[in-house]
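Asker: I am attaching a structure below and will ask some questions about it afterwards.
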Amino acid sequence: MDPEACDVLIAGAGPAGSTAAFILAGRGLKVVLLDRSSFPRPKLCGGLLTWKTVQSLERIFQVSLRALQSAGLIRFETRRYTVADRCGHALTRRLDDPFHLVDRTSYDAFWLRQAVSAGAEFHAGAAVASLDPARCEALTDSGRRWRARVVIGADGVDSRIRQTLASAGKLRPPRRPGRASALECFAPRRPGAFPDHPTIYFGHVRRGYAWSFPGPARQVLGIAALKSPGRRLQDDFRRFLRELKLPEPERRLRLHGHGLPYGSYLKTPGGGNMLLVGDAAGLADPFLGEGIYYAHRSAELAAQAVIAAFARPEAALALYRESFRRCLLPEMRYAWAGRQVIFALPPRLYYPFLSLFLRLAPKIAEQTIQGRRSFRWFRLKTPCPR
Ligand SMILES: Cc1cc2nc3c(=O)[nH]c(=O)nc-3n(C[C@H](O)[C@H](O)[C@H](O)COP(=O)(O)OP(=O)(O)OC[C@H]3O[C@@H](n4cnc5c(N)ncnc54)[C@H](O)[C@@H]3O)c2cc1C
């Protein structure tokens with residue numbers, strides 16, 4: 001039987017997939033968006049949005065922050081944050097631009113609805129099982145076959161599209177260590193039990209960090225780190241929970257795990273007519289693990305490349321690679337270099353090093369995290385050409 005045809009097939013309907021689908025369907029392309037899950041679906045995440053993320057959402061989806069707040073998408077806003085260590089040292093600061101916190105279940109479902117409203121055809125429970133990169137074809141686990149001019153792999157940290165491209169020799173995976181394990185648990189919010197703003201903890205784990213993020217109903221507690229021989233992240237996390245002095249039953253909260261790209265970014269995000277975006281391209285900040293911004297932004301760049309190369313789909317990857325290397329790759333590289341300096345230290349020195357930097361140059365550090373500056377020499381950012 002002939003495969004079903006579309007202009008663009010997108011695997012994965014997280015923030016990256018829905019963004020690409022929204023832009024491409026809005027330009028009149030026939031877009032098929034597949035996800036192995038039905039939505040709303042849970043996604044393990046702290047849900048923290050930086051300034052640059054909100055800017056991107058406003059630009060891409062033409063929606064105001066106020067509208068997102070009224071829609072109940074943004075659950076929490078704060079201008080304060082704390083960096084802390086295991087010995088009770090902590091530095092709390094006030095930001096110029098607030099952080100926003102979202103619940104990923106409703107957040108992802110919201111952007112998927114935008115994509116469908118723009119005209120994308122969504123299929124839930126449709127996992128891409130295999131691909132033929134030469135023909136640009138995908139087969140789902142339910143046996144449906146699709147052929148597209150371009151495939152966009154937005155299928156997350158364990159991307160099937162990325163693995164297939166790598167085994168077909170169409171992609172060179174990086175050699176640097178680039179995948180963290182992350183664990184989270186959710187504690188009931190009790191007045192005064194947790195800081196009312198995001199707190200990042202250093203020193204509990206080697207080559208990683210822990211966090212406590214507030215939400216309206218529950219507190220998100222998490223830890224992420226690169227693998228360290230002979231250490232179990234679960235043990236580090238349980239010790240972290242004990243040190244937070246949670247009541248005994250909460251120290252035994254159920255832990256949930258998920259992978260996190262942590263330096264696995266690619267220099268060329270795809271192969272042939274297949275483009276990788278978001279976690280599938282390894283695009284999370286290699287130090288703090290921020291990935292939502294990079295998911296939306298890389299999908300925007302990929303979609304623009306597909307539109308520009310519509311007549312010659314084989315040129316889409318070259319166009320995407322060009323904007324990717326200009327707008328995203330330098331951020332990954334410089335954040336990675338910075339973390340190499342910090343992770344060369346023993347974990348007990350992460351906090352003294354970072355808090356010294358925050359005391360000496362607080363605005364530079366905060367503007368870099370928020371995206372008003374680049375990780376590249378902390379330069380103030382000029383808007384990246386679209
Ligand atoms: C514990 C944790 C905390 C985090 N906290 C933050 C944070 O506070 N702020 C932040 O900015 N980032 C955070 N991140 C990173 C952020 O969650 C990711 O970078 C972001 O979700 C990437 O979006 P994506 O669309 O690329 O992938 P995903 O959101 O993972 O979406 C991928 C989609 O692909 C689907 N899929 C997978 N395989 C297939 C297949 N074969 N066929 C079809 N569909 C498939 C999945 O069902 C999923 O819906 C965190 C990550 C973790 C693990």
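Chains: A, B, ... in order of the structure tokens. Residues: from 1 per chain. Ligands: from 1, in order shown.
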Mind checking DSSP for stretch 163-365 of chain A and telling me the strand (DSSP E or B) residues as a PyMOL selection string?

Answerer: chain A and resi 179-188+199-201+208-213+218-226+256-261+270-271+274-276

Asker: May I have the selected residues written with N, CA, C and O atoms, as a compact mmCIF listing (two decimals), in the first residue's frame?

Answerer:
# COMPACT_ATOMS: atom_id res chain seq x y z
N ARG A 179 24.30 13.40 28.61
CA ARG A 179 22.94 13.05 29.01
C ARG A 179 22.92 12.95 30.53
O ARG A 179 23.70 12.21 31.12
N ALA A 180 22.04 13.74 31.11
CA ALA A 180 21.89 13.67 32.57
C ALA A 180 20.67 12.82 32.89
O ALA A 180 19.74 12.72 32.10
N SER A 181 20.68 12.23 34.08
CA SER A 181 19.46 11.63 34.61
C SER A 181 18.84 12.68 35.52
O SER A 181 19.56 13.41 36.21
N ALA A 182 17.52 12.72 35.51
CA ALA A 182 16.84 13.68 36.39
C ALA A 182 15.77 12.95 37.17
O ALA A 182 15.12 12.02 36.66
N LEU A 183 15.59 13.34 38.41
CA LEU A 183 14.53 12.78 39.27
C LEU A 183 13.73 13.92 39.86
O LEU A 183 14.31 14.98 40.18
N GLU A 184 12.44 13.69 39.98
CA GLU A 184 11.61 14.71 40.63
C GLU A 184 10.62 14.03 41.56
O GLU A 184 10.25 12.87 41.35
N CYS A 185 10.16 14.78 42.57
CA CYS A 185 9.01 14.34 43.36
C CYS A 185 8.21 15.59 43.73
O CYS A 185 8.70 16.71 43.59
N PHE A 186 6.99 15.38 44.15
CA PHE A 186 6.07 16.50 44.37
C PHE A 186 5.59 16.46 45.81
O PHE A 186 4.99 15.46 46.23
N ALA A 187 5.87 17.54 46.53
CA ALA A 187 5.47 17.60 47.94
C ALA A 187 4.27 18.53 48.07
O ALA A 187 4.17 19.51 47.32
N PRO A 188 3.37 18.23 49.01
CA PRO A 188 2.26 19.17 49.20
C PRO A 188 2.83 20.51 49.69
O PRO A 188 3.82 20.54 50.41
N THR A 199 14.57 27.78 44.07
CA THR A 199 15.85 27.66 44.78
C THR A 199 16.66 26.56 44.10
O THR A 199 16.14 25.47 43.85
N ILE A 200 17.91 26.89 43.79
CA ILE A 200 18.82 25.90 43.17
C ILE A 200 19.87 25.55 44.21
O ILE A 200 20.46 26.45 44.82
N TYR A 201 20.09 24.26 44.40
CA TYR A 201 21.04 23.79 45.41
C TYR A 201 22.25 23.16 44.74
O TYR A 201 22.09 22.33 43.84
N GLY A 208 26.15 18.18 38.74
CA GLY A 208 24.71 18.41 38.65
C GLY A 208 24.25 19.35 39.75
O GLY A 208 25.07 20.03 40.40
N TYR A 209 22.96 19.38 40.00
CA TYR A 209 22.38 20.30 40.98
C TYR A 209 21.00 19.78 41.38
O TYR A 209 20.46 18.86 40.75
N ALA A 210 20.44 20.40 42.41
CA ALA A 210 19.08 20.03 42.84
C ALA A 210 18.24 21.31 42.87
O ALA A 210 18.80 22.41 42.80
N TRP A 211 16.93 21.15 42.92
CA TRP A 211 16.07 22.35 42.92
C TRP A 211 14.79 22.14 43.71
O TRP A 211 14.37 21.01 43.98
N SER A 212 14.22 23.28 44.06
CA SER A 212 12.91 23.29 44.71
C SER A 212 12.15 24.46 44.08
O SER A 212 12.55 25.62 44.22
N PHE A 213 11.09 24.12 43.34
CA PHE A 213 10.32 25.16 42.63
C PHE A 213 8.90 25.19 43.19
O PHE A 213 8.27 24.13 43.34
N ARG A 218 1.53 22.42 44.65
CA ARG A 218 2.55 21.46 45.06
C ARG A 218 3.94 22.05 44.84
O ARG A 218 4.13 22.94 44.00
N GLN A 219 4.89 21.51 45.58
CA GLN A 219 6.27 21.93 45.45
C GLN A 219 7.00 20.89 44.61
O GLN A 219 6.87 19.69 44.86
N VAL A 220 7.71 21.35 43.58
CA VAL A 220 8.47 20.42 42.74
C VAL A 220 9.90 20.36 43.27
O VAL A 220 10.59 21.39 43.33
N LEU A 221 10.32 19.16 43.65
CA LEU A 221 11.69 18.98 44.14
C LEU A 221 12.41 18.08 43.14
O LEU A 221 11.83 17.07 42.70
N GLY A 222 13.63 18.44 42.77
CA GLY A 222 14.28 17.65 41.74
C GLY A 222 15.79 17.64 41.87
O GLY A 222 16.38 18.40 42.64
N ILE A 223 16.39 16.76 41.08
CA ILE A 223 17.85 16.67 41.02
C ILE A 223 18.22 16.20 39.61
O ILE A 223 17.46 15.43 39.00
N ALA A 224 19.33 16.69 39.09
CA ALA A 224 19.79 16.22 37.77
C ALA A 224 21.31 16.18 37.80
O ALA A 224 21.95 17.06 38.40
N ALA A 225 21.88 15.17 37.18
CA ALA A 225 23.35 15.07 37.15
C ALA A 225 23.78 14.12 36.05
O ALA A 225 23.04 13.20 35.67
N LEU A 226 24.99 14.36 35.56
CA LEU A 226 25.62 13.38 34.68
C LEU A 226 25.93 12.14 35.51
O LEU A 226 26.10 12.24 36.73
N HIS A 256 10.15 10.19 40.36
CA HIS A 256 9.90 9.99 38.93
C HIS A 256 11.18 10.36 38.19
O HIS A 256 11.84 11.33 38.55
N GLY A 257 11.51 9.61 37.14
CA GLY A 257 12.77 9.87 36.44
C GLY A 257 12.58 10.16 34.96
O GLY A 257 11.61 9.70 34.34
N HIS A 258 13.48 10.94 34.39
CA HIS A 258 13.45 11.26 32.96
C HIS A 258 14.86 11.69 32.55
O HIS A 258 15.59 12.24 33.38
N GLY A 259 15.22 11.46 31.30
CA GLY A 259 16.52 11.91 30.83
C GLY A 259 16.50 13.39 30.50
O GLY A 259 15.44 13.97 30.24
N LEU A 260 17.68 13.99 30.51
CA LEU A 260 17.80 15.42 30.20
C LEU A 260 19.03 15.61 29.31
O LEU A 260 20.11 15.17 29.67
N PRO A 261 18.85 16.26 28.13
CA PRO A 261 20.06 16.55 27.33
C PRO A 261 20.95 17.48 28.15
O PRO A 261 20.46 18.47 28.69
N GLY A 270 20.49 17.37 12.19
CA GLY A 270 19.67 16.56 11.30
C GLY A 270 20.52 15.91 10.23
O GLY A 270 21.76 15.97 10.26
N GLY A 271 19.84 15.27 9.30
CA GLY A 271 20.52 14.61 8.19
C GLY A 271 19.52 14.45 7.05
O GLY A 271 18.33 14.20 7.29
N MET A 274 15.70 15.37 7.11
CA MET A 274 15.17 15.21 8.48
C MET A 274 15.86 16.18 9.42
O MET A 274 17.09 16.20 9.52
N LEU A 275 15.06 17.00 10.09
CA LEU A 275 15.57 18.06 10.97
C LEU A 275 15.24 17.71 12.41
O LEU A 275 14.13 17.23 12.69
N LEU A 276 16.18 17.95 13.31
CA LEU A 276 15.94 17.66 14.72
C LEU A 276 15.79 18.96 15.50
O LEU A 276 16.55 19.91 15.28

Asker: Any residue with an atom at most 7 Å from ligand 1 counts, using only C-alpha atoms and all ligand atoms. Which are they? Put them as a ChimeraX atom specification.

Answerer: /A:11-17,34-37,43-49,126-129,154-160,182-184,222,224,257-260,277-280,283-284,289-293,295

Asker: In terms of the shortest atom-to-atom distance over only C-alpha atoms, which of A:Phe61, A:Phe122, A:Tyr81, A:Trp111 is closest to A:Ile10?

Answerer: A:Phe122

Asker: Which residues are close to stretch 345-356 of chain A, i.e. within 6 Å by only C-alpha atoms, leaving aside same-chain residues fewer than 4 positions away? Reply as a PyMOL selection string.

Answerer: chain A and resi 85+202-203+206

Asker: Quick one: of A:Ala308, A:Ala193, A:Leu112, A:Leu165, who's nearest to A:Glu250, counting only C-alpha atoms?

Answerer: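 Smallest distance to A:Glu250 is found for A:Ala193.
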
Asker: Please identify all polymer residues within 8 Å of A:Pro177, counting only C-alpha atoms, omitting same-chain residues fewer than 6 positions from it, and present them as a list of chain:residue names.

Answerer: A:Leu226, A:Tyr262, A:Gly263, A:Ser264

Asker: Could the residues in this selection be written to a file with N, CA, C and O atoms, as a CSV table (one decimal), in the first residue's frame?

Answerer:
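The resulting file, part-v4.csv, is reproduced below:
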chain,number,residue,atom,x,y,z
A,226,LEU,N,25.0,14.4,35.6
A,226,LEU,CA,25.6,13.4,34.7
A,226,LEU,C,25.9,12.1,35.5
A,226,LEU,O,26.1,12.2,36.7
A,262,TYR,N,22.2,17.1,28.3
A,262,TYR,CA,23.1,17.9,29.2
A,262,TYR,C,24.5,18.0,28.5
A,262,TYR,O,25.5,17.5,29.0
A,263,GLY,N,24.4,18.5,27.3
A,263,GLY,CA,25.7,18.7,26.5
A,263,GLY,C,25.7,17.8,25.3
A,263,GLY,O,26.7,17.7,24.6
A,264,SER,N,24.5,17.2,24.9
A,264,SER,CA,24.4,16.3,23.8
A,264,SER,C,24.0,17.1,22.5
A,264,SER,O,23.5,16.4,21.6

Asker: Kindly give the distance, in Å, that separates atom CA of A:Ala138 and atom CA of A:Ile152, rounded to a single decimal.

Answerer: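 Atom CA of A:Ile152 lies at a distance of 11.0 Å from atom CA of A:Ala138.
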